[in-house]
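S.K.: Structure file entry-v7.cif, mmCIF, C-alpha atoms, is pasted below:
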data_my_file
loop_
_atom_site.label_atom_id
_atom_site.label_comp_id
_atom_site.auth_asym_id
_atom_site.auth_seq_id
_atom_site.Cartn_x
_atom_site.Cartn_y
_atom_site.Cartn_z
CA MET A 277 6.58 -1.58 11.77
CA LYS A 278 9.55 0.03 10.01
CA GLU A 279 10.21 -3.13 8.04
CA ILE A 280 6.64 -3.43 6.72
CA ARG A 281 6.65 0.25 5.75
CA TYR A 282 9.88 -0.26 3.82
CA LEU A 283 8.44 -3.38 2.15
CA LEU A 284 5.21 -1.58 1.26
CA THR A 285 7.15 1.38 -0.15
CA ALA A 286 9.21 -1.02 -2.27
CA TRP A 287 6.01 -2.86 -3.25
CA GLY A 288 4.46 0.47 -4.32
CA ASN A 289 7.44 1.12 -6.57
CA TRP A 290 7.27 -2.43 -7.92
CA ALA A 291 3.52 -2.14 -8.58
CA GLY A 292 4.15 1.15 -10.39
CA THR A 293 6.50 -0.54 -12.81
CA ARG A 294 4.03 -3.27 -13.75
CA VAL A 295 2.22 -2.84 -17.03
CA GLY A 296 -1.44 -3.79 -16.96
CA THR A 297 -1.72 -4.32 -13.21
CA GLU A 298 -4.89 -3.86 -11.19
CA TYR A 299 -3.60 -0.58 -9.74
CA PRO A 300 -4.70 2.09 -12.23
CA MET A 301 -3.97 5.45 -10.65
CA SER A 302 -5.96 7.44 -13.18
CA SER A 303 -9.15 6.76 -11.23
CA TRP A 304 -7.67 7.96 -7.93
CA PRO A 305 -8.43 11.67 -7.33
CA VAL A 306 -5.15 12.43 -5.51
CA PRO A 307 -2.13 13.52 -7.57
CA MET A 308 0.91 11.28 -7.36
CA ALA A 309 4.15 12.53 -5.86
CA SER A 310 7.55 11.73 -7.30
CA SER A 311 10.65 10.55 -5.50
CA ASP A 312 14.27 10.04 -6.45
CA ILE A 313 14.85 7.29 -3.87
CA ARG A 314 13.05 4.15 -4.95
CA PRO A 315 13.55 0.97 -2.95
CA MET A 316 12.65 -2.04 -5.08
CA LEU A 317 11.95 -5.73 -4.45
CA CYS A 318 12.56 -8.86 -6.43
CA ASP A 319 9.44 -10.18 -8.15
CA ASP A 320 9.07 -13.15 -5.79
CA LYS A 321 8.97 -11.06 -2.60
CA ALA A 322 6.89 -8.32 -4.21
CA GLN A 323 4.30 -10.87 -5.34
CA LYS A 324 3.99 -12.14 -1.76
CA ILE A 325 3.33 -8.60 -0.55
CA ASP A 326 0.93 -8.13 -3.46
CA ARG A 327 -1.02 -11.21 -2.28
CA ALA A 328 -1.17 -9.78 1.25
CA VAL A 329 -2.50 -6.47 -0.13
CA ALA A 330 -5.07 -8.38 -2.20
CA ARG A 331 -6.23 -10.21 0.94
CA LEU A 332 -6.69 -6.86 2.65
CA LYS A 333 -9.04 -5.87 -0.19
CA GLN A 334 -11.23 -8.89 0.60
CA VAL A 335 -11.42 -7.95 4.30
CA ASP A 336 -11.36 -4.14 4.25
CA SER A 337 -11.81 -2.30 0.97
CA LEU A 338 -11.22 1.17 2.50
CA GLY A 339 -7.97 0.00 4.08
CA TYR A 340 -6.95 -1.41 0.71
CA ASP A 341 -7.73 1.88 -1.05
CA ILE A 342 -5.70 3.80 1.54
CA ILE A 343 -2.71 1.43 1.24
CA VAL A 344 -2.75 1.67 -2.57
CA ALA A 345 -3.12 5.47 -2.54
CA TYR A 346 -0.42 5.93 0.09
CA TYR A 347 2.21 3.45 -1.11
CA ARG A 348 1.43 3.07 -4.82
CA GLY A 349 0.15 6.58 -5.42
CA LYS A 350 2.47 8.24 -2.89
CA ALA A 351 -0.39 10.41 -1.59
CA SER A 352 -0.23 11.86 1.92
CA CYS A 353 -2.78 11.01 4.62
CA ARG A 354 -4.03 14.60 4.41
CA ALA A 355 -4.57 14.33 0.65
CA ILE A 356 -6.34 10.98 1.04
CA GLY A 357 -8.47 12.44 3.83
CA ARG A 358 -9.46 15.40 1.66
CA ALA A 359 -10.36 13.11 -1.23
CA LEU A 360 -12.45 10.86 1.02
CA LYS A 361 -13.84 13.76 3.08
CA LYS A 362 -12.43 12.28 6.28
CA ASP A 363 -10.08 13.57 8.96
CA HIS A 364 -6.42 12.84 8.18
CA LYS A 365 -6.00 11.40 11.70
CA SER A 366 -8.59 8.73 11.00
CA ILE A 367 -6.83 7.98 7.70
CA SER A 368 -3.54 7.62 9.60
CA GLY A 369 -5.19 5.20 12.02
CA TYR A 370 -6.66 3.21 9.14
CA LEU A 371 -3.24 3.13 7.48
CA ILE A 372 -1.57 1.77 10.64
CA ARG A 373 -4.22 -0.95 11.06
CA SER A 374 -3.92 -1.90 7.40
CA GLU A 375 -0.12 -2.05 7.65
CA ALA A 376 -0.43 -4.33 10.69
CA TYR A 377 -2.80 -6.65 8.84
CA ILE A 378 -0.45 -6.83 5.86
CA ALA A 379 2.54 -7.41 8.17
CA GLY A 380 0.77 -10.46 9.62
CA GLN A 381 -0.06 -11.77 6.15
CA VAL A 382 3.49 -11.21 4.89
CA ASP A 383 4.94 -13.07 7.90
CA ALA A 384 2.66 -16.01 7.14
CA PHE A 385 3.66 -16.00 3.45
CA LEU A 386 7.39 -15.74 4.17
CA GLU A 387 7.29 -18.54 6.76
CA GLY A 388 5.13 -20.82 4.62
#
Go ahead and render the structure in this file as structure tokens.
M.R.:
Amino acid sequence: MKEIRYLLTAWGNWAGTRVGTEYPMSSWPVPMASSDIRPMLCDDKAQKIDRAVARLKQVDSLGYDIIVAYYRGKASCRAIGRALKKDHKSISGYLIRSEAYIAGQVDAFLEG
């Protein structure tokens, strides 16, 4: 799970550097945090993770929103929970399930 979290963190940084992507943060009600340490990915690997995240959107739109807010927007589970009026523990559980789904998709993309 550590590896997918690192990859998603790097993907979030990569997605934040894209101009005109589908991840506009202005519509998300949670303020973004800033960080000095920014792992990054090459475009090829980041695009594979981006495809896995896009597949999540087709299957589970709430999981997708949580992944984007957490990794792209750098919002905490508590902040996401407040914005969605849900318990932060349920958001954490949703985040873990969404990470597992993306991990499976990324493995399939990297092997294929």
S.K.: For the point (-5.3, 12.2, 2.7) in the file's frame, write as a VMD selection string all residues with an atom no more than 10 Å away, counting only C-alpha atoms.
M.R.: chain A and resid 306 342 345 to 346 351 to 368
S.K.: Can you list, as a ChimeraX atom specification, every protein, DNA or RNA residue that comes within 8 Å of range 284-287 of chain A when you count all atoms listed in the file, leaving out same-chain residues fewer than 4 positions away?
M.R.: /A:280,291,314-317,322,325-326,347-348
S.K.: Calculate how many Å separate CA of Asp383 in chain A from CA of Val329 in chain A, rounding to one decimal.
M.R.: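 Going from CA of Asp383 in chain A over to CA of Val329 in chain A covers 12.8 Å.
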S.K.: Using all atoms listed in the file for the distances, tell me which of A:Ala376, A:Leu371, A:Cys318, A:Met277 is nearest to Val344 in chain A.
M.R.: A:Leu371
S.K.: Could you give me, as a list in words, the residues within 10 Å of Tyr377 in chain A, counting all atoms listed in the file and dropping anything in the same chain fewer than 6 positions from it?
M.R.: Ala328, Val329, Arg331, Leu332, Val335, Gly339 and Leu371 of chain A
S.K.: Grab the CA of Lys324 in chain A to CA of Gly380 in chain A distance for me, in Å with one decimal place.
M.R.: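 Atom-to-atom, CA of Lys324 in chain A to CA of Gly380 in chain A, that is 11.9 Å.
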S.K.: Using CA of Phe385 in chain A and CA of Asp320 in chain A as the two end points, give the distance in Å to one decimal.
M.R.: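 Here the two named atoms are 11.1 Å from each other.
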